[in-house]
Every structure is written in C-alpha cells, then in structure tokens.
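start.cif (mmCIF, C-alpha atoms)
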data_my_file
#
loop_
_atom_site.label_atom_id
_atom_site.label_comp_id
_atom_site.auth_asym_id
_atom_site.auth_seq_id
_atom_site.Cartn_x
_atom_site.Cartn_y
_atom_site.Cartn_z
CA MET G 1 -1.33 -1.10 -15.00
CA THR G 2 -3.20 -4.32 -14.20
CA GLU G 3 -5.42 -4.75 -11.14
CA THR G 4 -2.86 -7.13 -9.60
CA GLN G 5 -0.02 -4.66 -10.17
CA ALA G 6 -2.07 -1.85 -8.65
CA THR G 7 -2.88 -3.99 -5.64
CA GLN G 8 0.78 -4.87 -5.12
CA ARG G 9 1.72 -1.21 -5.38
CA ASN G 10 -0.83 -0.35 -2.68
CA ASP G 11 0.63 -3.09 -0.47
CA ASP G 12 4.15 -1.73 -0.99
CA GLN G 13 2.98 1.79 -0.18
CA ALA G 14 1.23 0.57 2.96
CA ALA G 15 4.36 -1.21 4.12
CA ALA G 16 6.58 1.80 3.44
CA SER G 17 4.20 4.50 4.68
CA PRO G 18 6.01 6.64 7.25
CA GLY G 19 4.30 7.89 10.37
CA PRO G 20 1.20 6.65 12.15
CA VAL G 21 -1.90 5.32 10.44
CA PHE G 22 -3.93 7.95 12.30
CA ALA G 23 -1.80 11.00 12.99
CA SER G 24 -4.47 13.23 14.50
CA ILE G 25 -6.96 11.62 16.88
CA LEU G 26 -9.81 13.20 18.82
CA CYS G 27 -10.55 11.39 22.09
CA ALA G 28 -13.89 12.02 23.80
CA VAL G 29 -13.14 11.94 27.54
CA ASP G 30 -15.98 11.31 30.00
CA GLY G 31 -14.46 9.29 32.84
CA THR G 32 -15.89 5.89 31.90
CA ARG G 33 -13.72 2.78 31.53
CA GLY G 34 -14.39 2.81 27.81
CA SER G 35 -13.23 6.41 27.58
CA SER G 36 -9.97 5.57 29.38
CA ALA G 37 -9.46 2.62 27.04
CA ALA G 38 -10.09 4.92 24.07
CA VAL G 39 -7.27 7.25 25.15
CA LYS G 40 -4.83 4.38 25.69
CA GLN G 41 -5.64 2.74 22.39
CA ALA G 42 -5.60 6.04 20.52
CA ALA G 43 -2.13 6.70 21.92
CA THR G 44 -1.01 3.31 20.57
CA LEU G 45 -2.44 4.08 17.12
CA ALA G 46 -0.99 7.60 17.00
CA GLY G 47 2.47 6.80 18.33
CA PRO G 48 5.06 9.46 19.19
CA ASP G 49 4.71 11.04 15.73
CA GLY G 50 0.95 11.51 16.15
CA HIS G 51 -1.15 13.82 18.29
CA LEU G 52 -4.15 13.38 20.57
CA THR G 53 -6.78 16.03 21.22
CA LEU G 54 -8.45 15.21 24.54
CA LEU G 55 -11.97 16.64 24.57
CA ALA G 56 -14.37 17.00 27.50
CA VAL G 57 -17.85 18.26 26.66
CA THR G 58 -19.42 19.87 29.72
CA ALA G 59 -22.81 20.47 28.06
CA VAL G 60 -24.11 23.55 29.83
CA THR G 61 -27.80 23.17 30.65
CA GLY G 62 -30.53 25.47 31.94
CA SER G 63 -30.61 29.24 31.71
CA GLY G 64 -30.24 32.30 33.88
CA ALA G 65 -29.67 31.47 37.55
CA TYR G 66 -30.17 27.78 36.73
CA ARG G 67 -27.46 27.65 34.08
CA SER G 68 -24.80 25.07 34.95
CA ALA G 69 -22.45 22.51 33.41
CA ALA G 70 -23.38 18.84 33.44
CA ILE G 71 -19.81 18.11 34.55
CA SER G 72 -18.19 20.27 37.23
CA PRO G 73 -14.93 22.15 36.43
CA ALA G 74 -13.10 20.14 39.09
CA ARG G 75 -14.28 16.86 37.57
CA VAL G 76 -13.34 17.99 34.06
CA LYS G 77 -9.84 18.94 35.20
CA HIS G 78 -9.38 15.57 36.87
CA LEU G 79 -10.55 13.66 33.78
CA LEU G 80 -8.39 15.61 31.35
CA ASP G 81 -5.31 15.56 33.59
CA HIS G 82 -5.58 11.78 33.86
CA ALA G 83 -6.02 11.41 30.09
CA ALA G 84 -3.01 13.66 29.49
CA GLU G 85 -0.93 11.48 31.83
CA VAL G 86 -1.88 8.40 29.81
CA ALA G 87 -0.81 10.13 26.59
CA GLU G 88 2.43 11.35 28.17
CA GLU G 89 3.30 7.88 29.45
CA ALA G 90 2.86 6.61 25.90
CA GLY G 91 5.10 9.38 24.57
CA VAL G 92 2.32 10.97 22.54
CA PRO G 93 1.79 14.76 22.60
CA SER G 94 -1.70 15.93 23.48
CA THR G 95 -3.90 19.02 23.67
CA LEU G 96 -6.69 19.50 26.22
CA VAL G 97 -10.00 21.01 25.12
CA VAL G 98 -13.16 21.83 27.10
CA ASP G 99 -16.35 22.60 25.18
CA PRO G 100 -19.51 23.71 27.03
CA ALA G 101 -21.84 23.29 24.04
CA SER G 102 -24.50 20.63 23.57
CA PRO G 103 -25.71 18.12 22.61
CA PRO G 104 -22.42 16.30 23.36
CA SER G 105 -22.67 13.85 20.44
CA GLN G 106 -22.99 16.66 17.89
CA VAL G 107 -20.19 18.68 19.49
CA ILE G 108 -17.91 15.67 19.31
CA LEU G 109 -18.82 14.84 15.71
CA ASP G 110 -18.33 18.43 14.56
CA ARG G 111 -14.86 18.55 16.10
CA ALA G 112 -13.99 15.07 14.84
CA ALA G 113 -14.34 16.28 11.26
CA GLN G 114 -10.96 18.02 11.70
CA HIS G 115 -9.18 14.80 12.71
CA ASP G 116 -8.20 11.43 11.21
CA LEU G 117 -9.95 9.34 13.87
CA LEU G 118 -12.53 9.72 16.63
CA ALA G 119 -11.94 7.54 19.71
CA MET G 120 -14.77 6.96 22.19
CA GLY G 121 -15.77 4.39 24.77
CA ALA G 122 -17.92 1.57 23.40
CA PRO G 123 -21.57 1.54 24.54
CA ALA G 124 -21.98 -0.02 27.97
CA THR G 125 -25.52 -1.21 27.36
CA SER G 126 -26.76 -4.16 25.33
CA TRP G 127 -27.64 -3.63 21.68
CA LEU G 128 -31.35 -3.37 22.40
CA GLY G 129 -30.74 -1.23 25.47
CA GLY G 130 -28.58 1.11 23.43
CA MET G 131 -31.31 1.44 20.81
CA LEU G 132 -33.89 2.33 23.47
CA ILE G 133 -31.81 4.41 25.87
CA GLY G 134 -29.23 5.90 23.55
CA GLY G 135 -26.02 7.60 24.63
CA VAL G 136 -23.25 9.69 23.12
CA THR G 137 -21.51 6.85 21.29
CA VAL G 138 -24.80 5.32 20.18
CA ALA G 139 -25.90 8.70 18.80
CA ALA G 140 -22.57 9.14 17.02
CA LEU G 141 -22.97 5.81 15.22
CA GLY G 142 -25.85 7.23 13.21
CA SER G 143 -24.05 10.22 11.72
CA PHE G 144 -20.25 9.92 12.05
CA THR G 145 -18.13 10.91 9.04
CA THR G 146 -14.69 10.37 10.58
CA PRO G 147 -13.40 6.83 11.24
CA LEU G 148 -14.60 5.86 14.71
CA LEU G 149 -12.93 3.67 17.35
CA ALA G 150 -15.42 2.29 19.88
CA ALA G 151 -13.00 1.17 22.57
CA ARG G 152 -13.23 -1.50 25.25
CA SER G 153 -10.73 -2.24 28.00
CA ILE G 154 -8.11 -4.90 27.37
CA SER G 155 -7.00 -7.44 29.96
CA ALA G 156 -3.79 -6.61 31.77
CA GLY G 157 -0.71 -7.96 30.05
CA HIS G 158 -2.24 -7.88 26.57
CA ASP G 159 -1.24 -5.42 23.87
CA PHE G 160 -3.77 -3.47 21.85
CA ALA G 161 -4.01 -4.44 18.16
CA ARG G 162 -2.05 -7.66 18.75
CA SER G 163 -4.73 -9.51 16.80
CA ILE G 164 -7.11 -7.91 14.32
CA VAL G 165 -10.24 -9.23 12.65
CA VAL G 166 -11.08 -7.43 9.41
CA ALA G 167 -14.61 -8.05 8.19
CA SER G 168 -15.05 -7.97 4.41
CA ASP G 169 -18.39 -8.21 2.65
CA GLY G 170 -16.64 -8.77 -0.68
CA LEU G 171 -18.21 -5.67 -2.19
CA GLU G 172 -16.68 -2.55 -3.67
CA GLY G 173 -15.04 -0.60 -0.89
CA SER G 174 -14.01 -3.61 1.19
CA ASP G 175 -10.45 -3.37 -0.17
CA VAL G 176 -10.08 -0.18 1.86
CA LEU G 177 -10.68 -2.17 5.04
CA VAL G 178 -7.99 -4.66 4.10
CA ASP G 179 -5.62 -1.78 3.29
CA LEU G 180 -6.20 -0.37 6.77
CA ALA G 181 -5.68 -3.74 8.47
CA LEU G 182 -2.44 -4.20 6.55
CA ARG G 183 -1.14 -0.79 7.60
CA LEU G 184 -1.93 -1.56 11.23
CA ALA G 185 -0.30 -4.99 10.91
CA HIS G 186 2.88 -3.57 9.39
CA THR G 187 3.07 -0.98 12.14
CA LYS G 188 2.34 -3.27 15.07
CA GLY G 189 3.45 -6.74 13.92
CA THR G 190 -0.13 -7.89 14.23
CA HIS G 191 -1.94 -11.12 13.37
CA VAL G 192 -4.78 -10.45 10.91
CA THR G 193 -7.86 -12.61 10.38
CA LEU G 194 -9.95 -11.88 7.29
CA VAL G 195 -13.59 -12.80 7.91
CA HIS G 196 -16.34 -13.14 5.32
CA ALA G 197 -19.88 -14.30 6.07
CA ILE G 198 -21.80 -16.11 3.35
CA GLU G 199 -25.40 -14.95 3.64
CA VAL G 200 -28.45 -15.81 1.55
CA GLY G 201 -28.83 -13.28 -1.25
CA SER G 202 -25.35 -11.84 -0.77
CA ARG G 203 -23.92 -9.83 -3.68
CA ALA G 204 -20.35 -10.49 -2.59
CA GLN G 205 -17.79 -11.13 -5.30
CA ALA G 206 -15.86 -14.33 -4.52
CA HIS G 207 -12.83 -13.26 -6.55
CA ARG G 208 -12.47 -10.15 -4.38
CA ILE G 209 -12.32 -12.22 -1.19
CA ASP G 210 -9.73 -14.52 -2.82
CA GLU G 211 -7.65 -11.52 -3.85
CA GLN G 212 -7.84 -10.00 -0.37
CA ALA G 213 -6.78 -13.30 1.17
CA ARG G 214 -3.81 -13.47 -1.21
CA ARG G 215 -2.76 -9.96 -0.33
CA LEU G 216 -2.85 -10.74 3.38
CA GLU G 217 -0.77 -13.87 2.91
CA LEU G 218 1.83 -12.02 0.85
CA ALA G 219 1.96 -9.07 3.24
CA VAL G 220 2.02 -10.71 6.67
CA ALA G 221 2.75 -14.37 5.80
CA ASP G 222 2.22 -16.61 8.83
CA ARG G 223 0.43 -13.81 10.67
CA SER G 224 -2.68 -14.11 8.52
CA GLU G 225 -5.78 -16.30 8.53
CA VAL G 226 -8.94 -16.43 6.40
CA ARG G 227 -12.36 -17.49 7.62
CA VAL G 228 -15.22 -17.84 5.14
CA GLN G 229 -18.29 -19.08 6.95
CA ALA G 230 -22.01 -19.38 6.31
CA GLY G 231 -24.26 -17.45 8.66
CA SER G 232 -25.30 -13.97 9.63
CA ALA G 233 -22.50 -11.42 9.31
CA ARG G 234 -23.00 -10.19 12.86
CA ARG G 235 -22.67 -13.67 14.39
CA VAL G 236 -19.73 -14.70 12.18
CA ILE G 237 -17.77 -11.53 12.98
CA VAL G 238 -18.42 -11.60 16.74
CA GLU G 239 -17.55 -15.31 17.00
CA ALA G 240 -14.39 -14.88 14.92
CA ALA G 241 -13.25 -12.02 17.16
CA LYS G 242 -13.85 -14.13 20.26
CA SER G 243 -12.22 -17.33 19.01
CA SER G 244 -9.15 -15.52 17.68
CA LYS G 245 -8.87 -13.47 20.88
CA ALA G 246 -8.83 -10.33 18.78
CA SER G 247 -8.33 -6.97 20.43
CA LEU G 248 -9.77 -5.07 17.46
CA VAL G 249 -12.37 -5.56 14.75
CA VAL G 250 -12.03 -3.44 11.60
CA MET G 251 -15.19 -3.10 9.52
CA GLY G 252 -17.28 -0.70 7.46
CA SER G 253 -20.54 0.96 8.39
CA ARG G 254 -23.53 1.97 6.31
CA ARG G 255 -24.26 4.51 9.06
CA LEU G 256 -27.90 3.55 9.49
CA ASP G 257 -29.97 5.41 12.05
CA GLY G 258 -33.52 5.48 13.33
CA LEU G 259 -35.52 2.31 12.68
CA ARG G 260 -33.11 1.33 9.90
CA ALA G 261 -30.45 0.80 12.58
CA LEU G 262 -32.29 -2.40 13.55
CA GLY G 263 -30.66 -3.98 10.50
CA SER G 264 -27.19 -2.56 11.07
CA VAL G 265 -24.48 -5.22 11.33
CA SER G 266 -21.85 -2.73 12.49
CA ARG G 267 -24.02 -1.46 15.35
CA ARG G 268 -24.67 -5.01 16.53
CA VAL G 269 -20.95 -5.81 16.43
CA VAL G 270 -20.07 -2.63 18.35
CA HIS G 271 -22.46 -3.69 21.11
CA GLU G 272 -21.76 -7.43 21.13
CA ALA G 273 -18.03 -7.83 20.42
CA HIS G 274 -15.83 -8.36 23.46
CA CYS G 275 -13.17 -6.07 22.00
CA SER G 276 -12.78 -2.64 20.43
CA VAL G 277 -14.29 -1.95 17.00
CA LEU G 278 -12.90 0.43 14.39
CA LEU G 279 -15.54 1.59 11.91
CA LEU G 280 -15.01 3.30 8.57
CA PRO G 281 -17.92 5.46 7.35
CA PRO G 282 -19.30 5.19 3.80
CA GLU G 283 -17.28 8.20 2.60
CA HIS G 284 -14.01 6.40 3.37
CA LEU G 285 -15.11 3.15 1.76
CA HIS G 286 -16.15 4.72 -1.52
CA SER G 287 -13.83 7.71 -1.86
#
Could I get this file's structure written as structure tokens?
Amino acid sequence: MTETQATQRNDDQAAASPGPVFASILCAVDGTRGSSAAVKQAATLAGPDGHLTLLAVTAVTGSGAYRSAAISPARVKHLLDHAAEVAEEAGVPSTLVVDPASPPSQVILDRAAQHDLLAMGAPATSWLGGMLIGGVTVAALGSFTTPLLAARSISAGHDFARSIVVASDGLEGSDVLVDLALRLAHTKGTHVTLVHAIEVGSRAQAHRIDEQARRLELAVADRSEVRVQAGSARRVIVEAAKSSKASLVVMGSRRLDGLRALGSVSRRVVHEAHCSVLLLPPEHLHS
C-alpha cells in the first residue's frame, strides 16, 4: 500500500468512525469560569454516546485537630451538582467523584490516565505569571500523558469547535494532529485552518505540509484553509486563531517543564490564545 493510499484510508476511517472522538473524559471541577467551560466543551466533544467523570479534588491539608479540606463539603456538592446539570442538559451521562488526596495536579493526572481526555480550565494568569506562580493546570502541562483540553469560555451564541486551528510543525507525528482535526470536523461540521510557521533552522518537511493540506481539502472541501507564514510558531498560531475566530487550537506538546518550559511553544499558546487549546502529549504523537 502506498503512502497516499494509506492516508486516504485513514481519512475514510476518520469519516466513518462511529461514536465520539473522546468517549471518556475526565473534567477537573474547581468552580472557576475555565472549569465550567471545560465541562461544557467536554460534553460537546463526548456527545450522548460518551461519558464525563466530574472530579473535585478537596486536597485535605494539616493533621490531627487541624486536618481539613481545602474545599468545604458544601462547596464541593454545589460545584459538582452544577457540573452534572451542565452534562445533563447536553444529554451526556456523568459520574461525580470527590478525592481528598493531594497535590491536586498529581491526583488529576493519575486519574486522567484512565480516560481519553482531560478537560481543565485554562490558566488565568499571563504566561510569565503562570511560570512564577504556578497552578493546577500549569503544573499538569509539565507531566500530562492524556490529551489535555485547556478550556476558555466562549461568547454567548457561538458554538464550541465551530472553527479549529490545527498547528503542524511538518515533522513526524504531526499527521496525528491533522487526523484529530479531521475527526472533529466530520463530527461537528467544522471549519479547519492548517497553520505552519516557517522558522529559521526548522527541520519541517515541506512535502508533509503539502500532503496535510491536500487531505484537508479533500476531506472538508470549502471548510478548509492553509496558512504557511514566516515567524515564531507561538506568534503565528496565536494570530491565526484570533484572525480566524477559532474556538479551538489543536497542537502537540513536547511536555517541557522546569526551566525548559521557557522555550515551550504549546505553553505559550495555552496562556496567550483567546480560545481553548487541545494538546496531544508526545506519546500520542509518536505511538
């Protein structure tokens, strides 16, 4: 079988694939606007044939007489009941889970390993602020192994995943990102913009970008667009998302942490994009 035939077969399979793209989604619920957006968007991705697990981590602190939960039982019940209502309104079944362990980021990541997708609120701070202050989502970005949706609220009247930007670096593994964007597009009737940044010293393979563009055009016809632009990947991706009024960016992550995170394109995009960002970890790009 030739590479072109294999690619076409993958496209056909993506178009015919029954059920949701992400059937089992773990939603980290903490009461923030981003968390609420994560539940709503996860429900859209899962659909009635999928399932949401709504998780609140209470993170018990202290010991002895000073032992207490960081979030009160009453607050946890309110948060989970509201999240369950969102899922029910979307027609998606859900399960409520409360975990008192800590640290919250590790609890969430450990549980996420049993699911197809982890949905969390996007960091509220700036990129530099997130690096200095941290947070649950920021901590998760350094060690996640399950695809991660960093969600932001969408303006009223707009549908989630109506317009997707898929960022391809033209390297091995980027085809997986295009596959995912195509599956989402077939499911939601979405417009897809393929974005590639031409950077100095890039090892991108031009023929791979051309092939990905051709696949998009064949799969979604007039609902596709290709942008190849010189500049830093972070700037090109963020500007493309803004100008195309995208509600979702799909991209890969090298999962850098510590000081190495200063050079992470995906982290910068998660902080700077106006919309939600869906990240695939290295294991999913090179499996």
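The interatomic distance for the pair atom CA of G:Ser102 and atom CA of G:Val29 works out to 14.8 Å.
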- [ ] Report the distance between atom CA of G:Gln41 and atom CA of G:Ser266 in Å, rounded to one decimal place.
- [x] 19.8 Å
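Going from atom CA of G:Lys77 over to atom CA of G:Ser155, you cover 27.0 Å.
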Task: Output of the PyMOL selection byres ((chain G and resi 25) around 6), listed as a list of chain:residue names - done: G:Ser24, G:Leu26, G:Leu52, G:His115, G:Asp116, G:Leu117, G:Leu118
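When the distance limit is 9 Å and all atoms listed in the file are what count, the residues near G:Gly31, minus those fewer than 6 positions from it on the same chain, are Arg75, Val76, Leu79 and Leu80 of chain G.
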Matched chain/residue IDs from the PyMOL selection byres ((chain G and resi 140-152) around 7), as a short mmCIF file (atom, residue, chain, number, x, y, z; two decimals) with C-alpha atoms, in the coordinates of the input:
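And here is the file that came out, selection_30.cif:
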data_model
loop_
_atom_site.label_atom_id
_atom_site.label_comp_id
_atom_site.auth_asym_id
_atom_site.auth_seq_id
_atom_site.Cartn_x
_atom_site.Cartn_y
_atom_site.Cartn_z
CA GLY G 34 -14.39 2.81 27.81
CA ALA G 37 -9.46 2.62 27.04
CA ALA G 38 -10.09 4.92 24.07
CA SER G 105 -22.67 13.85 20.44
CA LEU G 109 -18.82 14.84 15.71
CA ALA G 112 -13.99 15.07 14.84
CA ALA G 113 -14.34 16.28 11.26
CA ASP G 116 -8.20 11.43 11.21
CA LEU G 117 -9.95 9.34 13.87
CA LEU G 118 -12.53 9.72 16.63
CA ALA G 119 -11.94 7.54 19.71
CA MET G 120 -14.77 6.96 22.19
CA GLY G 121 -15.77 4.39 24.77
CA ALA G 122 -17.92 1.57 23.40
CA VAL G 136 -23.25 9.69 23.12
CA THR G 137 -21.51 6.85 21.29
CA VAL G 138 -24.80 5.32 20.18
CA ALA G 139 -25.90 8.70 18.80
CA SER G 153 -10.73 -2.24 28.00
CA ILE G 154 -8.11 -4.90 27.37
CA ARG G 255 -24.26 4.51 9.06
CA LEU G 256 -27.90 3.55 9.49
CA ASP G 257 -29.97 5.41 12.05
CA VAL G 270 -20.07 -2.63 18.35
CA CYS G 275 -13.17 -6.07 22.00
CA SER G 276 -12.78 -2.64 20.43
CA VAL G 277 -14.29 -1.95 17.00
CA LEU G 278 -12.90 0.43 14.39
CA LEU G 279 -15.54 1.59 11.91
CA LEU G 280 -15.01 3.30 8.57
CA PRO G 281 -17.92 5.46 7.35
#
Task: Residues matched by the PyMOL selection byres ((chain G and resi 227-239) around 8) as an MDAnalysis selection string - done: chainID G and resid 165 167 193:199 225:226 240:243 265:266 268:269 272:274
Task: Spatial neighbours of G:Thr95, 12 Å, all atoms listed in the file, chain gap at least 5 places, as a list of chain:residue names - done: G:Ser24, G:Ile25, G:Leu26, G:Cys27, G:Gly50, G:His51, G:Leu52, G:Thr53, G:Leu54, G:Leu55, G:Ala56, G:Leu80, G:Asp81, G:Ala83, G:Ala84, G:Glu85, G:Ala87, G:Glu88
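Within 7 Å of the point (2.7, -10.5, 9.8), counting all atoms listed in the file, the protein and nucleic acid residues come to Ala185, His186, Gly189, Thr190, His191, Ala219, Val220, Ala221, Asp222, Arg223 and Ser224 of chain G.
Minimum atom-to-atom distances from G:Leu184, G:Ile108, G:Ala206, G:Val39 to G:Val21 were compared using only C-alpha atoms, and the lowest value belongs to G:Leu184.
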Open item on the list: Given all atoms listed in the file as the basis, pick out the residue of G:Asp30, G:Asp210, G:Asp159, G:Asp169 nearest to G:Leu248.
Closed with: G:Asp159
Task: Best match for closeness to G:Pro104 among G:Glu89, G:Ile71, G:Pro123, G:Leu45, counting only C-alpha atoms - done: G:Ile71
